[in-house]
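Reproduced below: work02.cif, with mmCIF, C-alpha atoms.
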```
data_target
loop_
_atom_site.label_atom_id
_atom_site.label_comp_id
_atom_site.auth_asym_id
_atom_site.auth_seq_id
_atom_site.Cartn_x
_atom_site.Cartn_y
_atom_site.Cartn_z
CA MET A 864 6.73 -24.43 -24.91
CA LEU A 865 4.16 -22.88 -22.59
CA SER A 866 5.36 -22.37 -19.02
CA ASN A 867 3.41 -21.33 -15.92
CA VAL A 868 4.84 -17.81 -16.17
CA ASP A 869 4.74 -17.24 -19.93
CA PRO A 870 4.29 -13.47 -20.59
CA ALA A 871 1.32 -14.24 -22.87
CA LEU A 872 -0.65 -15.43 -19.84
CA ARG A 873 -0.69 -11.90 -18.42
CA SER A 874 -3.45 -11.06 -20.91
CA CYS A 875 -5.65 -13.94 -19.75
CA TRP A 876 -8.29 -14.39 -17.09
CA HIS A 877 -7.10 -16.60 -14.23
CA PRO A 878 -8.80 -17.91 -11.09
CA VAL A 879 -7.11 -16.53 -7.97
CA ALA A 880 -9.48 -17.42 -5.10
CA ARG A 881 -12.88 -18.71 -4.17
CA SER A 882 -15.25 -15.89 -3.26
CA SER A 883 -15.44 -17.25 0.29
CA GLU A 884 -11.68 -16.74 0.75
CA VAL A 885 -11.81 -12.95 0.36
CA GLY A 886 -13.32 -10.54 2.88
CA ALA A 887 -12.52 -7.22 4.56
CA ASP A 888 -9.01 -8.36 5.53
CA PRO A 889 -6.53 -8.21 2.62
CA VAL A 890 -5.58 -11.62 1.24
CA LYS A 891 -2.38 -12.35 -0.69
CA VAL A 892 -2.57 -14.47 -3.84
CA THR A 893 0.25 -15.25 -6.23
CA LEU A 894 -0.31 -15.35 -9.98
CA LEU A 895 2.40 -15.86 -12.62
CA GLY A 896 5.02 -15.33 -9.91
CA GLU A 897 3.56 -11.93 -8.86
CA ASP A 898 1.84 -11.23 -5.54
CA TRP A 899 -1.55 -9.49 -5.43
CA ALA A 900 -3.67 -8.17 -2.58
CA LEU A 901 -7.39 -8.99 -2.75
CA VAL A 902 -9.85 -7.23 -0.47
CA ARG A 903 -13.51 -6.28 -0.26
CA LEU A 904 -13.94 -2.53 0.16
CA PRO A 905 -17.37 -0.97 0.83
CA SER A 906 -17.32 0.04 -2.85
CA GLY A 907 -16.71 -3.54 -3.96
CA LEU A 908 -14.05 -6.13 -4.69
CA ALA A 909 -10.57 -4.67 -5.23
CA ALA A 910 -7.16 -5.98 -6.22
CA PHE A 911 -3.74 -4.35 -6.07
CA VAL A 912 -0.21 -5.52 -6.73
CA ASP A 913 0.89 -6.42 -3.19
CA ARG A 914 3.42 -3.60 -3.00
CA CYS A 915 2.89 -0.04 -1.82
CA PRO A 916 4.52 2.39 -4.30
CA HIS A 917 6.10 4.29 -1.39
CA ARG A 918 8.49 1.78 0.22
CA PHE A 919 7.27 -1.44 -1.43
CA ALA A 920 5.69 -2.71 1.80
CA PRO A 921 3.11 -5.47 1.20
CA LEU A 922 -0.37 -3.97 1.09
CA THR A 923 -1.68 -7.18 2.64
CA ALA A 924 -0.11 -5.89 5.88
CA GLY A 925 -2.63 -3.04 5.80
CA TRP A 926 -6.34 -2.80 6.57
CA VAL A 927 -9.61 -1.37 5.28
CA ASP A 928 -10.21 2.13 6.60
CA GLY A 929 -13.54 3.53 5.47
CA ASP A 930 -13.67 3.01 1.69
CA VAL A 931 -9.91 2.65 1.17
CA LEU A 932 -7.07 0.24 1.87
CA ARG A 933 -4.54 1.80 4.25
CA CYS A 934 -0.92 0.65 4.03
CA GLY A 935 0.29 -0.69 7.37
CA TYR A 936 3.74 0.89 7.07
CA HIS A 937 3.21 4.65 6.55
CA GLY A 938 -0.55 4.85 6.31
CA TRP A 939 -0.90 5.72 2.63
CA CYS A 940 -4.46 5.08 1.42
CA PHE A 941 -5.66 3.68 -1.91
CA ASP A 942 -9.17 3.51 -3.34
CA GLN A 943 -10.66 0.77 -5.51
CA ALA A 944 -9.13 2.34 -8.64
CA GLY A 945 -5.65 2.40 -7.06
CA ALA A 946 -5.57 6.20 -6.61
CA CYS A 947 -3.75 7.46 -3.52
CA THR A 948 -6.29 9.39 -1.43
CA GLU A 949 -4.18 10.21 1.62
CA ILE A 950 -0.53 10.52 2.65
CA PRO A 951 -0.50 11.16 6.43
CA SER A 952 3.01 12.64 6.39
CA MET A 953 1.76 15.32 3.98
CA ALA A 954 -1.26 16.36 6.03
CA GLY A 955 -2.55 19.81 5.16
CA THR A 956 -1.83 19.58 1.43
CA ASP A 957 -3.64 17.89 -1.44
CA ALA A 958 -0.39 17.40 -3.36
CA ARG A 959 0.41 13.83 -4.37
CA PRO A 960 3.47 12.50 -6.21
CA ALA A 961 2.50 11.61 -9.76
CA ARG A 962 3.42 7.94 -9.22
CA ALA A 963 1.69 7.59 -5.86
CA ALA A 964 -0.77 4.99 -7.08
CA ALA A 965 -1.21 1.32 -6.37
CA ARG A 966 -1.15 -0.82 -9.51
CA ILE A 967 -4.44 -2.57 -10.23
CA PRO A 968 -5.09 -5.46 -12.64
CA GLY A 969 -6.26 -5.17 -16.22
CA GLY A 970 -9.34 -7.16 -15.28
CA LEU A 971 -11.08 -8.28 -12.08
CA ALA A 972 -14.30 -10.28 -11.96
CA GLU A 973 -16.38 -12.47 -9.68
CA ARG A 974 -18.46 -15.28 -11.14
CA HIS A 975 -19.85 -18.62 -9.97
CA GLY A 976 -18.32 -18.26 -6.50
CA MET A 977 -14.86 -17.59 -7.94
CA ILE A 978 -12.64 -14.52 -8.27
CA PHE A 979 -10.78 -14.01 -11.54
CA LEU A 980 -7.92 -11.63 -12.30
CA ALA A 981 -6.09 -10.65 -15.49
CA PRO A 982 -2.82 -8.74 -14.90
CA GLU A 983 -3.20 -6.98 -18.27
CA PRO A 984 -6.43 -6.21 -20.19
CA PRO A 985 -7.73 -9.68 -21.02
CA VAL A 986 -8.00 -11.02 -24.56
CA THR A 987 -9.61 -14.26 -23.39
CA GLU A 988 -13.18 -14.89 -22.23
CA LEU A 989 -14.41 -15.93 -18.82
CA LEU A 990 -15.93 -19.37 -18.70
CA ASP A 991 -19.72 -19.38 -18.31
CA VAL A 992 -21.24 -22.32 -16.38
CA PRO A 993 -25.03 -21.76 -16.23
CA GLU A 994 -25.54 -24.79 -14.00
CA ALA A 995 -23.38 -23.17 -11.29
CA ASP A 996 -26.18 -20.66 -10.61
CA ASP A 997 -29.10 -23.00 -11.28
CA PRO A 998 -31.13 -23.71 -8.09
CA SER A 999 -32.28 -27.06 -9.51
CA PHE A 1000 -28.67 -28.30 -9.20
CA MET A 1001 -26.79 -29.26 -6.04
CA HIS A 1002 -23.27 -27.82 -5.81
CA GLY A 1003 -20.27 -29.44 -4.18
CA GLU A 1004 -16.86 -27.77 -3.93
CA LEU A 1005 -13.70 -29.84 -3.85
CA ASP A 1006 -11.03 -28.60 -1.48
CA VAL A 1007 -8.59 -26.27 -3.25
CA ILE A 1008 -5.45 -28.19 -4.24
CA THR A 1009 -1.91 -26.83 -4.51
CA ALA A 1010 0.37 -29.03 -6.61
CA ARG A 1011 3.69 -28.97 -8.47
CA VAL A 1012 2.23 -29.12 -11.97
CA GLY A 1013 2.09 -27.22 -15.24
CA VAL A 1014 -0.99 -25.20 -16.22
CA GLY A 1015 -0.78 -26.24 -19.88
CA LEU A 1016 -0.24 -29.89 -19.00
CA LEU A 1017 -3.29 -29.81 -16.73
CA ALA A 1018 -5.43 -28.32 -19.51
CA ASP A 1019 -4.15 -31.09 -21.79
CA ASN A 1020 -4.97 -33.69 -19.15
CA PHE A 1021 -8.51 -32.50 -18.54
CA LEU A 1022 -9.29 -32.42 -22.28
CA ASP A 1023 -7.75 -35.84 -22.96
CA MET A 1024 -10.15 -38.81 -23.00
CA SER A 1025 -7.87 -41.61 -24.16
CA HIS A 1026 -6.14 -41.89 -20.77
CA PHE A 1027 -9.34 -42.87 -18.90
CA PRO A 1028 -8.94 -46.70 -19.11
CA PHE A 1029 -5.38 -46.54 -17.82
CA LEU A 1030 -4.88 -43.68 -15.40
CA HIS A 1031 -8.45 -43.95 -14.05
CA SER A 1032 -8.90 -47.72 -14.04
CA ALA A 1033 -10.00 -47.58 -10.38
CA THR A 1034 -12.66 -44.91 -10.96
CA ILE A 1035 -14.08 -43.86 -14.34
CA GLY A 1036 -11.98 -45.90 -16.78
CA THR A 1037 -13.08 -49.03 -18.66
CA GLU A 1038 -11.70 -51.09 -21.52
CA GLU A 1039 -14.81 -50.12 -23.48
CA ALA A 1040 -13.65 -46.50 -23.47
CA ALA A 1041 -10.17 -47.26 -24.82
CA VAL A 1042 -11.21 -46.26 -28.35
CA VAL A 1043 -12.14 -42.58 -28.43
CA GLU A 1044 -15.12 -41.80 -30.64
CA ASP A 1045 -14.86 -38.84 -32.98
CA VAL A 1046 -15.49 -35.41 -31.46
CA GLU A 1047 -17.06 -32.25 -32.82
CA ILE A 1048 -14.93 -29.16 -32.19
CA GLU A 1049 -16.11 -25.56 -32.49
CA ARG A 1050 -13.46 -22.86 -32.04
CA ARG A 1051 -14.36 -19.72 -30.10
CA GLY A 1052 -11.55 -17.18 -30.02
CA TYR A 1053 -9.01 -18.49 -27.52
CA GLY A 1054 -11.38 -21.29 -26.56
CA MET A 1055 -13.53 -24.10 -27.91
CA THR A 1056 -16.67 -26.19 -27.42
CA VAL A 1057 -16.36 -29.95 -27.90
CA HIS A 1058 -19.11 -32.59 -28.16
CA SER A 1059 -18.46 -36.30 -27.60
CA ARG A 1060 -20.03 -39.55 -26.36
CA HIS A 1061 -18.57 -42.67 -24.79
CA PRO A 1062 -19.31 -45.75 -22.62
CA PHE A 1063 -18.46 -45.73 -18.92
CA PRO A 1064 -19.15 -47.73 -15.71
CA ASN A 1065 -21.93 -45.94 -13.84
CA HIS A 1066 -21.10 -47.02 -10.29
CA GLU A 1067 -23.38 -44.31 -8.87
CA ASP A 1068 -26.52 -45.63 -10.57
CA GLN A 1069 -28.51 -47.36 -7.84
CA ALA A 1070 -30.42 -49.35 -10.47
CA VAL A 1071 -27.22 -51.20 -11.38
CA ALA A 1072 -27.21 -53.10 -8.08
CA THR A 1073 -30.80 -54.26 -8.66
CA GLY A 1074 -30.11 -55.36 -12.21
CA GLU A 1075 -32.49 -52.83 -13.73
CA ARG A 1076 -29.69 -51.25 -15.71
CA PRO A 1077 -26.24 -52.49 -16.81
CA LEU A 1078 -23.05 -51.17 -15.25
CA ILE A 1079 -21.68 -50.06 -18.62
CA GLN A 1080 -23.80 -47.17 -19.80
CA HIS A 1081 -23.34 -44.18 -22.11
CA ARG A 1082 -22.94 -40.48 -21.50
CA SER A 1083 -22.80 -37.50 -23.80
CA LEU A 1084 -20.12 -34.93 -23.05
CA VAL A 1085 -19.84 -31.22 -23.75
CA TYR A 1086 -16.51 -29.59 -22.95
CA GLU A 1087 -16.14 -25.81 -22.74
CA PHE A 1088 -12.54 -24.55 -22.73
CA ARG A 1089 -11.23 -21.02 -22.26
CA ALA A 1090 -7.48 -20.39 -22.37
CA PRO A 1091 -5.30 -20.97 -20.53
CA CYS A 1092 -7.06 -23.44 -18.22
CA SER A 1093 -10.70 -22.87 -17.45
CA VAL A 1094 -12.74 -25.91 -18.39
CA SER A 1095 -16.24 -27.20 -17.75
CA LEU A 1096 -17.54 -30.64 -18.63
CA ARG A 1097 -21.28 -31.27 -18.86
CA ILE A 1098 -22.17 -34.96 -18.65
CA ASP A 1099 -25.68 -36.14 -19.54
CA TYR A 1100 -26.38 -39.73 -18.53
CA GLU A 1101 -28.35 -41.44 -21.28
CA GLU A 1102 -29.67 -44.53 -19.51
CA ALA A 1103 -29.93 -43.30 -15.91
CA GLY A 1104 -30.92 -39.71 -16.69
CA GLY A 1105 -29.63 -36.61 -14.96
CA THR A 1106 -26.76 -34.20 -15.50
CA ASN A 1107 -23.37 -33.78 -13.85
CA VAL A 1108 -21.27 -30.69 -14.55
CA VAL A 1109 -17.66 -30.41 -13.42
CA ASP A 1110 -15.84 -27.09 -13.61
CA PHE A 1111 -12.07 -27.00 -13.39
CA TYR A 1112 -9.93 -23.88 -13.02
CA VAL A 1113 -6.15 -23.68 -12.68
CA GLN A 1114 -4.20 -20.75 -11.25
CA PRO A 1115 -0.54 -20.72 -12.40
CA VAL A 1116 1.13 -19.59 -9.18
CA ASP A 1117 4.79 -19.72 -10.19
CA THR A 1118 7.15 -21.69 -12.40
CA ASP A 1119 6.49 -25.02 -10.67
CA THR A 1120 3.20 -24.62 -8.83
CA CYS A 1121 -0.49 -24.33 -9.60
CA ARG A 1122 -3.62 -23.96 -7.50
CA ILE A 1123 -6.58 -26.06 -8.65
CA TYR A 1124 -10.27 -25.30 -8.08
CA SER A 1125 -13.09 -27.66 -8.98
CA THR A 1126 -16.82 -27.82 -8.25
CA ILE A 1127 -19.46 -30.34 -9.27
CA HIS A 1128 -23.06 -29.43 -10.09
CA ARG A 1129 -25.61 -32.26 -10.01
CA ASN A 1130 -29.38 -32.40 -10.64
CA ASP A 1131 -29.75 -36.16 -10.08
CA LEU A 1132 -29.11 -36.54 -6.34
CA ASP A 1133 -32.66 -35.83 -5.08
CA GLY A 1134 -31.40 -33.21 -2.63
CA ASP A 1135 -29.42 -35.84 -0.70
CA GLU A 1136 -26.43 -34.13 0.94
CA GLY A 1137 -24.88 -37.49 1.73
CA ARG A 1138 -24.88 -38.48 -1.94
CA LEU A 1139 -23.43 -35.08 -2.82
CA ALA A 1140 -20.58 -35.60 -0.35
CA GLU A 1141 -19.93 -39.04 -1.88
CA ALA A 1142 -19.89 -37.49 -5.37
CA VAL A 1143 -17.39 -34.84 -4.27
CA SER A 1144 -15.19 -37.51 -2.68
CA PHE A 1145 -15.32 -39.61 -5.85
CA GLU A 1146 -14.41 -36.62 -8.03
CA ARG A 1147 -11.46 -35.89 -5.73
CA LYS A 1148 -10.22 -39.46 -6.27
CA VAL A 1149 -10.31 -38.87 -10.03
CA VAL A 1150 -8.33 -35.61 -9.68
CA ASP A 1151 -5.81 -37.30 -7.37
CA GLU A 1152 -5.25 -40.02 -9.98
CA ASP A 1153 -4.40 -37.29 -12.50
CA LEU A 1154 -2.10 -35.44 -10.12
CA ARG A 1155 -0.11 -38.54 -9.19
CA LEU A 1156 1.05 -38.63 -12.80
CA GLN A 1157 1.17 -34.89 -13.47
CA GLU A 1158 3.47 -34.24 -10.51
CA ARG A 1159 5.97 -36.71 -11.96
CA TYR A 1160 6.64 -34.52 -14.99
CA VAL A 1161 10.14 -33.04 -14.80
CA ASP A 1162 9.55 -30.45 -17.54
CA ARG A 1163 6.21 -28.84 -16.67
CA ARG A 1164 5.96 -26.87 -19.92
CA LEU A 1165 3.44 -27.81 -22.62
CA PRO A 1166 4.90 -28.25 -26.13
CA LEU A 1167 3.07 -26.01 -28.60
CA ASP A 1168 5.00 -27.05 -31.72
CA LEU A 1169 2.84 -29.81 -33.23
CA THR A 1170 5.92 -31.56 -34.59
CA ALA A 1171 7.43 -32.02 -31.10
CA GLU A 1172 5.10 -34.88 -30.12
CA VAL A 1173 3.37 -37.75 -31.90
CA HIS A 1174 -0.39 -37.30 -32.37
CA VAL A 1175 -3.20 -39.66 -33.39
CA LYS A 1176 -6.86 -39.17 -34.30
CA ALA A 1177 -7.96 -39.53 -30.66
CA ASP A 1178 -5.88 -36.42 -29.84
CA ARG A 1179 -7.95 -34.00 -31.94
CA MET A 1180 -9.15 -32.05 -28.90
CA THR A 1181 -5.71 -31.70 -27.32
CA VAL A 1182 -4.11 -30.84 -30.67
CA GLU A 1183 -6.64 -28.01 -30.96
CA LEU A 1184 -5.67 -26.94 -27.45
CA ARG A 1185 -2.06 -26.59 -28.62
CA ARG A 1186 -3.16 -24.54 -31.64
CA ILE A 1187 -5.17 -22.18 -29.43
CA LEU A 1188 -2.36 -21.68 -26.95
CA ALA A 1189 0.22 -21.29 -29.72
CA GLU A 1190 -1.87 -18.51 -31.27
CA LEU A 1191 -2.20 -16.84 -27.85
CA VAL A 1192 1.57 -16.93 -27.30
CA ALA A 1193 2.28 -15.67 -30.82
CA GLN A 1194 -0.13 -12.73 -30.39
CA GLU A 1195 0.41 -11.80 -26.75
CA GLY A 1196 3.82 -13.18 -25.80
#
```

Can the structure from this file be put into structure tokens for me?
Amino acid sequence: MLSNVDPALRSCWHPVARSSEVGADPVKVTLLGEDWALVRLPSGLAAFVDRCPHRFAPLTAGWVDGDVLRCGYHGWCFDQAGACTEIPSMAGTDARPARAAARIPGGLAERHGMIFLAPEPPVTELLDVPEADDPSFMHGELDVITARVGVGLLADNFLDMSHFPFLHSATIGTEEAAVVEDVEIERRGYGMTVHSRHPFPNHEDQAVATGERPLIQHRSLVYEFRAPCSVSLRIDYEEAGGTNVVDFYVQPVDTDTCRIYSTIHRNDLDGDEGRLAEAVSFERKVVDEDLRLQERYVDRRLPLDLTAEVHVKADRMTVELRRILAELVAQEG
């Protein structure tokens, strides 16, 4: 069973903030039940366990002073690498206690307007979403969501297509999509690429209202998954044309809570900000439909033993998810 605080997840990349959330004032984020301080120093983005090694005061109570973060309790200073550069009470000497260092993460990165952190040296890959930096696409961020959910269950949910006609009957689900067509799965370390195609109701297609195109159309799907829960879905609309990419990142905060980040990238909205806002609102409705069910789970752990649940052919993608995460836990747990 994979929980939100499984030790194996310490060797994974996780989203911890949008880039816009972090500036020159230290910001606290919680990952796997542990608090971290994020801050932008003149030398660049930095992260420290939110605990000064001196008296365990939160470093988020401090401030940037020159090129270092100064603790707000006794003024100890730490550079981007976590080294202690000054202890005011020991002025006049360069001596430093051997353990006078702030702990930094095994990995820290900024990509696609997101900040990622790995507590230990990461064995997973960061998700690459080329469309997120493509100027021919419009980009719309959903508000960050905090929910009582499981990170593994959310990964399972986002990679599951057979629930569309039922859980999403008011948005993207149709009876025509009840049968899941076969998918092509390509493993990639602790991740995978999946190709699929299915019918769907294209409510956004303005040619549907005029009768130029039918409501039920087809779209080809490419999922990119990186453990434990970074996913992108590229949707190419076959009849209407255009591409919609949804990225979905989950931060396991603690045993019962996750923080969810999602952005859509569209090249079919003709630069219309109003249509982009409508698309973001629609995507939020889809996510809310998922969360209404996900928050009802009592046990928020994902079963990794393939004999614990019943699987059918339509579950190939989510069965592969369990295999990937089981291998991660076996190797890193």

Given the file shown, determine the residues that the PyMOL selection byres ((chain A and resi 944) around 9) selects; report them as an MDAnalysis selection string. chainID A and resid 909:911 941:943 945:946 964:967

Please evaluate the PyMOL selection byres ((chain A and resi 1179-1192) around 9) against the displayed coordinates and give the resulting residues as a count of residues only. 40

Could you pull the residues within 7 Å of Pro951 of chain A, counting only C-alpha atoms, minus those fewer than 2 positions along the same chain, as a ChimeraX atom specification? /A:938-939,949,953-954

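For the atom pair formed by atom CA of Arg1164 of chain A and atom CA of Leu1016 of chain A, the distance is 7.0 Å, given to one decimal.
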
Could you please determine the separation between atom CA of Gly1013 of chain A and atom CA of Leu1030 of chain A in Å, to one decimal place? 17.9 Å

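Nearest residue to His1058 of chain A among A:Ile1079, A:Val1113, A:Val1085, A:Ala1070 is A:Val1085, counting all atoms listed in the file.
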
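Each of A:Ser874, A:Thr1034, A:Thr923, A:Thr893 was checked against Asp1151 of chain A using only C-alpha atoms; the smallest atom-to-atom distance is that of A:Thr1034.
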
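The interatomic distance for the pair atom CA of Trp876 of chain A and atom CA of Glu988 of chain A works out to 7.1 Å.
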
Can you tell me which residues surround Val912 of chain A at a distance of at most 9 Å, considering all atoms listed in the file, apart from same-chain residues fewer than 2 positions away, and format the answer as a PDB file with C-alpha atoms, keeping the file's coordinate frame?
```pdb
ATOM      1  CA  GLU A 897       3.560 -11.930  -8.860  1.00  0.00           C
ATOM      2  CA  ASP A 898       1.840 -11.230  -5.540  1.00  0.00           C
ATOM      3  CA  TRP A 899      -1.550  -9.490  -5.430  1.00  0.00           C
ATOM      4  CA  ALA A 900      -3.670  -8.170  -2.580  1.00  0.00           C
ATOM      5  CA  LEU A 901      -7.390  -8.990  -2.750  1.00  0.00           C
ATOM      6  CA  ALA A 910      -7.160  -5.980  -6.220  1.00  0.00           C
ATOM      7  CA  ARG A 914       3.420  -3.600  -3.000  1.00  0.00           C
ATOM      8  CA  CYS A 915       2.890  -0.040  -1.820  1.00  0.00           C
ATOM      9  CA  PRO A 921       3.110  -5.470   1.200  1.00  0.00           C
ATOM     10  CA  LEU A 922      -0.370  -3.970   1.090  1.00  0.00           C
ATOM     11  CA  ALA A 965      -1.210   1.320  -6.370  1.00  0.00           C
ATOM     12  CA  ARG A 966      -1.150  -0.820  -9.510  1.00  0.00           C
ATOM     13  CA  ILE A 967      -4.440  -2.570 -10.230  1.00  0.00           C
ATOM     14  CA  PRO A 968      -5.090  -5.460 -12.640  1.00  0.00           C
TER      15      PRO A 968
END
```

Exercise: segment 1126-1138 of chain A partners within 9 Å, only C-alpha atoms, chain neighbours under 5 positions left out, as a list in words: Glu994, Ala995, Asp997, Ser999, Phe1000, Met1001, His1002, Gly1003, Glu1004, Leu1005, Asp1006, Gly1104, Gly1105, Thr1106, Asn1107, Val1108, Val1109, Asp1110, Phe1111, Val1143 and Glu1146 of chain A

Write out as a tab-separated table the residues of segment 959-1018 of chain A that have any atom within 8 Å of an atom of segment 878-882 of chain A, one row each with the nearest atom pair and its distance in Å to one decimal, counting only C-alpha atoms, sorted by chain and then rising number.
```
residue	atom	partner	partner_atom	distance
A:Glu973	CA	A:Ser882	CA	7.4
A:Gly976	CA	A:Ser882	CA	5.1
A:Met977	CA	A:Arg881	CA	4.4
A:Ile978	CA	A:Ala880	CA	5.3
A:Phe979	CA	A:Pro878	CA	4.4
A:Leu980	CA	A:Pro878	CA	6.5
```

8 Å contact set for Ile1008 of chain A, only C-alpha atoms, chain neighbours under 2 positions out, as a ChimeraX atom specification: /A:1006,1010,1122-1124

Identify all residues satisfying the PyMOL selection byres ((chain A and resi 1078) around 6) in the given file; provide them as a short mmCIF file (atom, residue, chain, number, x, y, z; two decimals) with C-alpha atoms, in the coordinates of the input.
```cif
data_model
loop_
_atom_site.label_atom_id
_atom_site.label_comp_id
_atom_site.auth_asym_id
_atom_site.auth_seq_id
_atom_site.Cartn_x
_atom_site.Cartn_y
_atom_site.Cartn_z
CA PRO A 1064 -19.15 -47.73 -15.71
CA ASN A 1065 -21.93 -45.94 -13.84
CA VAL A 1071 -27.22 -51.20 -11.38
CA PRO A 1077 -26.24 -52.49 -16.81
CA ILE A 1079 -21.68 -50.06 -18.62
#
```

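Considering the residues A:Gly925, A:Val931, A:Ala1140, A:Asp991 and counting only C-alpha atoms, Pro905 of chain A has its shortest atom-to-atom contact with A:Val931.
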
Between A:Asp888, A:Glu1067, A:Glu1049, A:Glu1044, smallest distance to Ser1083 of chain A by only C-alpha atoms belongs to A:Glu1044

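Comparing A:Ala924, A:Cys940, A:Leu1084, A:Cys1092 by their smallest distance to Thr987 of chain A, the closest is A:Cys1092 (using only C-alpha atoms).
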
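If all atoms listed in the file are the atoms counted, then among A:Ser883, A:Ala961, A:Pro889, A:Leu1017 the closest residue to His917 of chain A is A:Ala961.
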